[in-house]
$ cat data_9.cif   # mmCIF, C-alpha atoms and all ligand atoms
data_query
loop_
_atom_site.label_atom_id
_atom_site.label_comp_id
_atom_site.auth_asym_id
_atom_site.auth_seq_id
_atom_site.Cartn_x
_atom_site.Cartn_y
_atom_site.Cartn_z
CA MET A 21 233.13 136.39 8.79
CA ALA A 22 230.47 133.65 9.06
CA LYS A 23 231.88 130.15 8.70
CA ARG A 24 230.71 128.48 5.53
CA ILE A 25 229.13 125.00 5.36
CA LEU A 26 228.75 123.37 1.97
CA PHE A 27 226.08 120.66 1.66
CA LEU A 28 226.44 118.16 -1.16
CA PHE A 29 223.18 116.49 -2.20
CA SER A 30 221.37 115.52 -5.38
CA ASP A 31 217.76 115.48 -6.49
CA THR A 32 217.76 111.73 -6.96
CA GLY A 33 214.35 111.39 -5.30
CA GLY A 34 213.14 113.99 -2.82
CA GLY A 35 214.85 112.64 0.28
CA HIS A 36 218.38 114.05 -0.02
CA ARG A 37 217.09 117.58 -0.57
CA ALA A 38 214.53 117.25 2.26
CA ALA A 39 217.20 115.98 4.69
CA THR A 40 219.61 118.76 3.70
CA ASN A 41 216.92 121.42 4.08
CA ALA A 42 216.07 119.96 7.49
CA ILE A 43 219.67 120.30 8.73
CA ILE A 44 219.99 123.82 7.33
CA GLU A 45 216.68 124.89 8.94
CA ALA A 46 217.87 123.44 12.26
CA LEU A 47 221.27 125.17 11.97
CA HIS A 48 219.66 128.56 11.43
CA MET A 49 217.25 127.95 14.34
CA GLU A 50 219.94 126.82 16.77
CA TYR A 51 222.60 129.32 15.65
CA PRO A 52 220.92 132.36 14.07
CA ASP A 53 223.18 134.47 11.82
CA THR A 54 226.18 132.25 12.58
CA PHE A 55 226.78 130.12 9.51
CA ASP A 56 226.68 130.68 5.80
CA THR A 57 225.11 127.56 4.29
CA GLN A 58 225.08 126.49 0.69
CA MET A 59 223.51 123.49 -1.08
CA VAL A 60 224.96 122.07 -4.29
CA ASP A 61 223.45 119.32 -6.41
CA PHE A 62 226.91 117.93 -7.13
CA LEU A 63 225.69 115.23 -9.51
CA ARG A 64 223.82 117.71 -11.69
CA TYR A 65 226.41 120.52 -11.73
CA TYR A 66 229.76 118.88 -11.00
CA SER A 67 229.74 115.45 -12.62
CA PRO A 68 230.71 114.28 -16.06
CA SER A 69 228.11 112.81 -18.38
CA PRO A 70 226.08 110.57 -17.93
CA LEU A 71 226.24 110.95 -14.12
CA ARG A 72 225.06 114.55 -14.38
CA TYR A 73 221.70 113.30 -15.63
CA SER A 74 221.14 111.25 -12.46
CA PRO A 75 218.21 113.39 -11.20
CA GLU A 76 216.35 112.81 -14.49
CA LEU A 77 217.38 109.16 -14.76
CA TYR A 78 216.55 108.20 -11.18
CA PRO A 79 212.74 107.80 -11.55
CA PRO A 80 212.80 105.66 -14.74
CA LEU A 81 215.83 103.60 -13.64
CA SER A 82 214.43 102.86 -10.21
CA ARG A 83 211.34 101.39 -11.90
CA LEU A 84 213.55 98.69 -13.47
CA LYS A 85 213.64 96.74 -10.23
CA LYS A 86 215.95 93.90 -11.27
CA ALA A 87 218.50 96.12 -12.99
CA TRP A 88 218.40 98.55 -10.06
CA LYS A 89 219.02 95.78 -7.54
CA PHE A 90 221.84 94.36 -9.65
CA SER A 91 223.66 97.69 -10.01
CA TYR A 92 223.03 98.52 -6.34
CA GLU A 93 224.55 95.24 -5.18
CA ALA A 94 227.40 95.25 -7.72
CA ALA A 95 229.49 97.63 -5.56
CA ASN A 96 227.88 96.98 -2.20
CA GLY A 97 230.80 95.43 -0.32
CA PRO A 98 234.06 96.71 1.15
CA LYS A 99 236.34 95.43 -1.61
CA ARG A 100 233.95 96.04 -4.50
CA SER A 101 233.13 99.60 -3.45
CA ARG A 102 236.82 100.43 -2.98
CA ALA A 103 237.66 98.93 -6.39
CA LEU A 104 234.90 100.91 -8.12
CA ASN A 105 235.91 104.14 -6.37
CA GLN A 106 239.49 103.55 -7.46
CA LEU A 107 238.46 102.81 -11.01
CA THR A 108 236.16 105.83 -11.40
CA TYR A 109 238.35 108.42 -9.64
CA PRO A 110 240.22 109.55 -12.79
CA TYR A 111 236.87 110.10 -14.50
CA LEU A 112 235.41 112.10 -11.56
CA ARG A 113 238.49 113.96 -10.32
CA ARG A 114 238.30 117.09 -12.47
CA SER A 115 234.67 117.79 -11.68
CA ALA A 116 235.33 117.23 -7.97
CA GLU A 117 238.29 119.63 -8.01
CA ARG A 118 236.21 122.25 -9.80
CA LEU A 119 233.44 121.82 -7.20
CA ILE A 120 235.90 122.40 -4.36
CA ALA A 121 237.56 125.38 -6.06
CA GLU A 122 234.28 127.11 -6.93
CA ASN A 123 232.62 126.51 -3.54
CA PRO A 124 235.15 127.23 -0.80
CA ALA A 125 233.93 126.10 2.63
CA ASP A 126 235.05 125.56 6.20
CA LEU A 127 233.11 122.29 6.45
CA ILE A 128 231.67 119.98 3.79
CA VAL A 129 228.62 117.87 4.63
CA SER A 130 227.66 115.09 2.26
CA VAL A 131 224.05 113.97 2.24
CA HIS A 132 224.48 111.56 -0.68
CA PRO A 133 226.26 108.20 -1.03
CA LEU A 134 228.13 109.15 -4.21
CA ALA A 135 230.11 112.10 -2.78
CA ASN A 136 231.92 110.33 0.03
CA ALA A 137 234.92 108.73 -1.64
CA VAL A 138 235.70 111.24 -4.36
CA ILE A 139 235.44 114.59 -2.52
CA PRO A 140 237.78 113.87 0.44
CA ARG A 141 240.27 112.45 -2.02
CA ALA A 142 240.04 115.42 -4.39
CA MET A 143 240.74 117.93 -1.59
CA ARG A 144 243.73 116.04 -0.30
CA ALA A 145 246.09 118.95 -0.89
CA ASN A 146 243.96 121.41 1.07
CA PRO A 147 241.48 119.50 3.22
CA VAL A 148 238.58 120.85 5.28
CA PRO A 149 236.52 118.65 7.64
CA PHE A 150 234.14 116.31 5.81
CA ILE A 151 231.07 114.87 7.52
CA THR A 152 228.66 112.39 5.96
CA VAL A 153 225.00 112.29 6.98
CA VAL A 154 223.56 108.92 5.95
CA THR A 155 219.93 109.23 4.86
CA ASP A 156 219.14 105.56 4.36
CA MET A 157 217.92 103.76 7.43
CA VAL A 158 219.05 100.14 7.64
CA THR A 159 220.23 98.54 4.39
CA THR A 160 222.78 101.26 3.80
CA HIS A 161 225.07 101.07 0.76
CA ALA A 162 228.84 100.68 1.22
CA PHE A 163 229.34 103.99 -0.65
CA TRP A 164 228.05 105.86 2.42
CA TYR A 165 231.01 104.70 4.51
CA SER A 166 234.20 106.28 3.29
CA PRO A 167 237.33 106.15 5.45
CA GLY A 168 238.08 109.64 4.04
CA ALA A 169 235.27 111.18 6.14
CA ASP A 170 235.97 112.71 9.55
CA LEU A 171 232.62 111.60 10.95
CA ILE A 172 229.62 109.63 9.70
CA ILE A 173 226.21 110.40 11.20
CA VAL A 174 223.62 107.62 10.84
CA PRO A 175 219.91 107.25 11.62
CA THR A 176 219.87 103.82 13.34
CA ASP A 177 222.03 101.33 15.25
CA GLN A 178 221.71 99.00 12.27
CA ALA A 179 223.31 101.64 10.04
CA LYS A 180 226.16 102.05 12.52
CA ASN A 181 226.74 98.28 12.69
CA ARG A 182 226.86 98.15 8.92
CA GLY A 183 229.69 100.71 8.92
CA ILE A 184 231.59 98.71 11.54
CA ARG A 185 231.17 95.53 9.49
CA LEU A 186 232.59 97.43 6.51
CA GLY A 187 235.73 98.08 8.56
CA LEU A 188 235.26 101.59 10.01
CA PRO A 189 236.13 102.30 13.66
CA PRO A 190 232.99 102.54 15.87
CA ASP A 191 233.86 106.00 17.17
CA MET A 192 233.81 107.35 13.62
CA ILE A 193 230.06 106.63 13.37
CA GLN A 194 227.49 108.45 15.47
CA VAL A 195 223.81 107.42 15.71
CA VAL A 196 221.60 110.50 15.77
CA GLY A 197 218.46 109.79 13.70
CA GLN A 198 217.09 110.69 10.29
CA PRO A 199 217.20 114.47 9.76
CA VAL A 200 213.63 115.61 9.35
CA SER A 201 212.48 119.23 9.23
CA PRO A 202 212.03 120.66 12.74
CA ARG A 203 208.67 121.92 11.44
CA PHE A 204 207.21 118.41 11.90
CA ALA A 205 207.58 118.76 15.66
CA MET A 206 206.32 122.35 15.67
CA VAL A 207 202.78 122.06 14.30
CA ASP A 208 200.74 123.06 17.33
CA GLU A 209 197.27 123.33 15.78
CA SER A 210 194.80 120.57 16.61
CA LYS A 211 193.87 117.95 14.05
CA GLU A 212 190.35 119.43 13.88
CA ASP A 213 191.65 122.95 13.16
CA LEU A 214 194.07 121.69 10.54
CA ARG A 215 191.34 119.72 8.77
CA ARG A 216 189.05 122.73 8.75
CA GLU A 217 191.80 124.88 7.24
CA LEU A 218 192.59 122.21 4.65
CA GLY A 219 188.93 121.85 3.71
CA TRP A 220 188.88 118.19 4.77
CA THR A 221 185.27 118.38 5.88
CA SER A 222 184.20 114.72 5.73
CA PRO A 223 184.12 112.96 9.14
CA ARG A 224 185.75 109.84 7.60
CA PRO A 225 189.31 108.87 8.61
CA VAL A 226 191.83 110.53 6.28
CA VAL A 227 194.33 108.41 4.37
CA LEU A 228 197.31 110.42 3.10
CA LEU A 229 198.89 108.74 0.06
CA VAL A 230 202.36 109.81 -1.17
CA GLY A 231 204.91 108.44 -3.59
CA GLY A 232 208.20 110.15 -2.73
CA GLY A 233 209.30 113.56 -3.95
CA ASP A 234 208.96 112.56 -7.60
CA GLY A 235 205.53 111.00 -7.14
CA MET A 236 207.16 107.65 -7.87
CA GLY A 237 205.75 104.19 -7.32
CA PRO A 238 202.31 102.87 -8.21
CA VAL A 239 200.46 105.80 -6.57
CA ARG A 240 197.94 105.95 -9.41
CA ARG A 241 197.00 102.27 -9.07
CA VAL A 242 196.76 102.49 -5.29
CA ALA A 243 194.51 105.58 -5.49
CA ARG A 244 192.29 103.91 -8.09
CA ALA A 245 192.02 100.69 -6.06
CA LEU A 246 190.91 102.61 -2.96
CA ASN A 247 188.37 104.50 -5.07
CA ASP A 248 187.09 101.36 -6.85
CA ALA A 249 186.67 99.61 -3.49
CA ALA A 250 184.79 102.68 -2.19
CA ALA A 251 187.04 102.50 0.88
CA PRO A 252 185.32 104.22 3.84
CA VAL A 253 187.92 107.00 4.00
CA THR A 254 188.77 110.44 2.71
CA LEU A 255 191.79 110.14 0.43
CA ALA A 256 194.38 112.91 0.18
CA VAL A 257 196.97 112.19 -2.53
CA ILE A 258 200.31 114.00 -2.89
CA CYS A 259 201.63 113.67 -6.43
CA GLY A 260 204.98 115.39 -5.78
CA ARG A 261 206.60 116.56 -9.01
CA ASN A 262 204.72 114.02 -11.12
CA GLU A 263 202.45 116.28 -13.18
CA ASP A 264 200.91 113.46 -15.24
CA LEU A 265 199.83 111.76 -12.04
CA PHE A 266 198.32 115.01 -10.80
CA LYS A 267 196.35 115.50 -14.05
CA ASP A 268 195.22 111.90 -14.15
CA LEU A 269 193.97 111.83 -10.55
CA SER A 270 192.33 115.24 -10.84
CA ARG A 271 190.23 113.86 -13.71
CA LEU A 272 189.35 110.51 -12.07
CA LYS A 273 185.66 109.71 -11.48
CA TRP A 274 185.80 109.80 -7.73
CA LYS A 275 183.41 107.89 -5.50
CA ILE A 276 185.04 108.85 -2.21
CA PRO A 277 185.91 112.21 -0.67
CA HIS A 278 189.32 113.15 -2.01
CA HIS A 279 191.93 115.92 -2.29
CA VAL A 280 194.70 115.84 -4.89
CA TYR A 281 197.87 117.91 -4.42
CA GLY A 282 200.97 118.52 -6.52
CA PHE A 283 204.35 119.09 -4.87
CA THR A 284 203.71 120.64 -1.47
CA SER A 285 205.82 122.34 1.14
CA GLN A 286 203.05 121.68 3.68
CA MET A 287 203.87 118.06 4.52
CA PRO A 288 204.00 118.70 8.29
CA ARG A 289 200.45 120.10 8.37
CA LEU A 290 199.05 117.50 5.97
CA MET A 291 200.58 114.64 7.96
CA LYS A 292 199.48 116.01 11.32
CA ALA A 293 195.93 116.29 9.94
CA ALA A 294 195.81 112.70 8.58
CA ASP A 295 195.00 109.38 10.29
CA ILE A 296 196.81 106.81 8.14
CA PHE A 297 199.89 107.25 5.93
CA VAL A 298 200.32 105.24 2.72
CA THR A 299 203.75 105.53 1.14
CA LYS A 300 206.61 103.86 -0.62
CA ALA A 301 209.25 102.95 1.95
CA GLY A 302 211.27 106.18 1.63
CA PRO A 303 213.35 107.00 4.72
CA GLY A 304 212.24 110.63 4.88
CA ALA A 305 208.53 109.88 4.60
CA ILE A 306 208.74 107.06 7.15
CA SER A 307 210.66 109.15 9.71
CA GLU A 308 208.19 112.00 9.28
CA ALA A 309 205.30 109.58 9.86
CA PHE A 310 206.93 108.42 13.12
CA ILE A 311 207.03 112.03 14.34
CA CYS A 312 203.36 112.54 13.40
CA GLY A 313 202.40 109.24 15.09
CA LEU A 314 200.85 107.80 11.93
CA PRO A 315 200.30 104.11 11.12
CA ILE A 316 202.30 103.44 7.95
CA VAL A 317 201.10 101.28 5.06
CA MET A 318 203.99 100.69 2.64
CA TYR A 319 203.05 99.69 -0.90
CA ALA A 320 206.52 99.55 -2.49
CA CYS A 321 210.20 99.84 -1.75
CA LEU A 322 213.30 100.42 -3.83
CA PRO A 323 215.32 97.21 -4.01
CA GLY A 324 218.47 97.53 -1.93
CA GLN A 325 218.41 100.76 0.01
CA GLU A 326 214.75 100.74 1.07
CA GLU A 327 214.30 97.03 1.84
CA GLY A 328 215.55 97.44 5.40
CA ASN A 329 213.11 100.30 5.99
CA VAL A 330 210.20 97.91 5.55
CA ASP A 331 211.58 95.54 8.21
CA TYR A 332 212.32 98.48 10.50
CA VAL A 333 208.67 99.61 10.39
CA LEU A 334 207.34 96.05 10.73
CA ASP A 335 209.71 95.17 13.61
CA GLY A 336 208.59 98.34 15.40
CA LYS A 337 204.92 97.36 14.78
CA ALA A 338 204.44 100.81 13.27
CA GLY A 339 202.77 99.69 10.06
CA MET A 340 202.07 97.11 7.37
CA TRP A 341 203.69 95.89 4.18
CA ALA A 342 201.11 95.87 1.37
CA PRO A 343 202.94 95.35 -1.93
CA SER A 344 199.91 95.52 -4.25
CA PRO A 345 196.97 97.93 -4.58
CA GLU A 346 194.62 95.15 -3.34
CA ALA A 347 196.81 94.61 -0.27
CA VAL A 348 196.70 98.36 0.44
CA VAL A 349 192.89 98.27 0.29
CA ASP A 350 192.87 95.33 2.76
CA ALA A 351 195.31 97.08 5.11
CA ILE A 352 193.24 100.27 5.06
CA GLN A 353 189.99 98.34 5.68
CA HIS A 354 191.68 96.63 8.63
CA LEU A 355 192.95 99.87 10.17
CA VAL A 356 189.63 101.66 9.63
CA LEU A 357 187.43 98.85 10.93
CA ASP A 358 189.61 98.17 13.97
CA PRO A 359 190.26 101.53 15.67
CA ALA A 360 192.09 99.81 18.57
CA ALA A 361 194.60 98.26 16.14
CA ARG A 362 194.97 101.63 14.45
CA GLU A 363 195.64 103.36 17.74
CA GLN A 364 198.15 100.70 18.79
CA THR A 365 200.01 101.01 15.47
CA ALA A 366 199.99 104.81 15.74
CA SER A 367 201.44 104.64 19.25
CA SER A 368 204.19 102.21 18.14
CA SER A 369 204.98 104.58 15.27
CA SER A 370 205.42 107.50 17.72
CA LYS A 371 207.88 105.44 19.75
CA LEU A 372 210.30 105.33 16.79
CA ALA A 373 210.29 109.13 16.36
CA ARG A 374 213.52 111.16 16.54
CA PRO A 375 212.07 114.68 16.21
CA ASP A 376 215.28 116.37 17.34
CA ALA A 377 217.64 114.59 14.96
CA ALA A 378 218.13 117.59 12.66
CA ARG A 379 218.86 119.88 15.62
CA GLU A 380 221.30 117.35 17.07
CA ILE A 381 223.07 117.10 13.72
CA ALA A 382 223.22 120.91 13.62
CA ARG A 383 224.93 120.88 17.01
CA VAL A 384 227.48 118.30 15.84
CA LEU A 385 228.31 120.45 12.80
CA ALA A 386 228.59 123.59 14.91
CA ARG A 387 230.94 121.85 17.35
CA GLN A 388 233.10 120.82 14.42
CA LEU A 389 233.43 124.54 13.62
CA GLY A 390 234.29 125.48 17.20
CA GLN A 391 230.83 126.73 18.32
N1 LIG B 401 207.93 115.70 -0.05
C1 LIG B 401 207.55 117.03 0.01
N2 LIG B 401 206.53 117.44 -0.79
C2 LIG B 401 205.90 116.61 -1.66
C3 LIG B 401 206.31 115.26 -1.73
C4 LIG B 401 207.33 114.83 -0.91
O1 LIG B 401 208.08 117.83 0.80
O2 LIG B 401 205.00 117.07 -2.35
C5 LIG B 401 209.05 115.27 0.82
C6 LIG B 401 208.63 114.28 1.91
O3 LIG B 401 208.06 114.97 3.01
C7 LIG B 401 209.96 113.60 2.22
C8 LIG B 401 210.68 113.63 0.86
O4 LIG B 401 209.99 114.56 0.03
O5 LIG B 401 210.69 114.37 3.14
C9 LIG B 401 210.68 112.26 0.19
O6 LIG B 401 211.76 111.57 0.73
P1 LIG B 401 211.79 110.00 0.88
O7 LIG B 401 213.09 109.69 1.52
O8 LIG B 401 210.56 109.52 1.57
O9 LIG B 401 211.70 109.42 -0.62
P2 LIG B 401 212.50 109.75 -1.98
O10 LIG B 401 211.71 110.79 -2.72
O11 LIG B 401 213.89 110.26 -1.60
O12 LIG B 401 212.58 108.47 -2.71
#
$ encode --input "data_9.cif" --output "structure tokens" --more "lines below"
Ligand code: UDP
Amino acid sequence: MAKRILFLFSDTGGGHRAATNAIIEALHMEYPDTFDTQMVDFLRYYSPSPLRYSPELYPPLSRLKKAWKFSYEAANGPKRSRALNQLTYPYLRRSAERLIAENPADLIVSVHPLANAVIPRAMRANPVPFITVVTDMVTTHAFWYSPGADLIIVPTDQAKNRGIRLGLPPDMIQVVGQPVSPRFAMVDESKEDLRRELGWTSPRPVVLLVGGGDGMGPVRRVARALNDAAAPVTLAVICGRNEDLFKDLSRLKWKIPHHVYGFTSQMPRLMKAADIFVTKAGPGAISEAFICGLPIVMYACLPGQEEGNVDYVLDGKAGMWAPSPEAVVDAIQHLVLDPAAREQTASSSSKLARPDAAREIARVLARQLGQ
């Protein structure tokens, strides 16, 4: 019988689902018909109230920057995180036990910070291997690093060092890279062909603007500012699941060539066809941009977990920090008017790419199951 791998994620943003899908895609590519994989949004289906509303609460709460930062930092240390895990265990235990009983598996992979303390503890009587895949890049929360895990896979050296500083043994943490769909490295059409297929007919450079899976962040204001400034670009905007944003931008009086999309499964083709990527500093979006060799203009970041991503991009000279719509317009003007700078930034971005990370993670998981 096929060995069963259970992935624990939650739709708090689009990144945990995207990373989980990427690993599952890679597993099925590397080991066809070998594993039975299953994804469970453990916060939505196996958490008591109000935690189970996390996917709905994430977009509005993350807009309250100060409160978000405060709650993020409140448990972001070795002692504080342990104390909070201890305190909340009685409240979470039953749901965790039900999750384990209803989803038997040979290996559990957590792709979310909130599963790592409670699940290993809840299966103490009958444990199966538990591997955490950290999907934040640099400023990683203490909740990612549970001593109850068998292995912790991280995207960067900085994330590994953070785990060591929190008291974990170095050989428990393996640096592999951010899991990104293998499809990003498999688009083999030329930029020209992709643009023709997408109907991007203007010869202007194409700016691809995204706001995370939920269309979060000030995407609307950034799009309007680029339009008001009549920036010399074609603008393609991805609204994700944010339907109001989609409606609003579809109705805008546009002065520049534009294309507005809702949630798309075509990110690899859209990114390969674009010239400049404008995004909030989400780890998935940034890692995908590295693979597509795109200069990255970041207009916002979540306090706490995404702050380090901004420095990572800036240190690698792969993009610019532009925390207001006006700053985005300036950054775009700079990159459009100075093609050499744009090329240099694009090449630095490519150097940070880890296109095989998902496949490498798949191999680690398979080895754990004796393949
Ligand atoms: N994404 C997608 N389709 C969309 C919008 C976003 O597939 O229409 C994906 C995007 O490619 C990335 C993920 O959603 O992989 C967003 O993850 P990120 O870590 O950048 O931000 P989050 O949404 O988790 O805050």
$ residues_around --input "data_9.cif" --residues "segment 107-121 of chain A" --least-positions-apart "6" --cutoff "7 Å" --atoms "all atoms listed in the file" --output "number ranges by chain"
A: 66-68, 138-139, 142
$ residues_near_ligand --input "data_9.cif" --ligand "ligand LIG 401 (chain B)" --cutoff "6 Å" --atoms "only C-alpha atoms and all ligand atoms" --output "ChimeraX atom specification"
/A:33-35,38,232-234,258,260,282-285,287,302-305
$ residues_around --input "data_9.cif" --residues "Ala366 of chain A" --least-positions-apart "4" --cutoff "8 Å" --atoms "all atoms listed in the file" --output "MDAnalysis selection string"
chainID A and resid 313:315 338 362 370
$ atom_distance --input "data_9.cif" --atom1 "atom CA of Ala351 of chain A" --atom2 "atom CA of Tyr78 of chain A"
29.0 Å
$ closest_residue --input "data_9.cif" --among "A:Ala293, A:Ile311, A:Ala256, A:Ile352" --to "Phe204 of chain A" --atoms "all atoms listed in the file"
A:Ile311
$ residues_around --input "data_9.cif" --residues "Thr40 of chain A" --least-positions-apart "5" --cutoff "10 Å" --atoms "all atoms listed in the file" --output "PyMOL selection string"
chain A and resi 27-30+35+45-46+58-59+129-132+153+155+199-201+378
$ atom_distance --input "data_9.cif" --atom1 "atom CA of Pro375 of chain A" --atom2 "atom CA of Asn181 of chain A"
22.3 Å
$ atom_distance --input "data_9.cif" --atom1 "atom CA of Ser369 of chain A" --atom2 "atom CA of Ile193 of chain A"
25.2 Å
$ closest_residue --input "data_9.cif" --among "A:Leu71, A:Ala87, A:Ala42, A:Leu104" --to "Pro323 of chain A" --atoms "all atoms listed in the file"
A:Ala87
$ residues_around --input "data_9.cif" --residues "Trp88 of chain A" --least-positions-apart "4" --cutoff "9 Å" --atoms "all atoms listed in the file" --output "list in words"
Leu81, Ser82, Arg83, Leu84, Tyr92, Glu93, Leu322, Pro323 and Gly324 of chain A
$ closest_residue --input "data_9.cif" --among "A:Arg215, A:Arg72, A:Lys89, A:Arg144" --to "His161 of chain A" --atoms "all atoms listed in the file"
A:Lys89
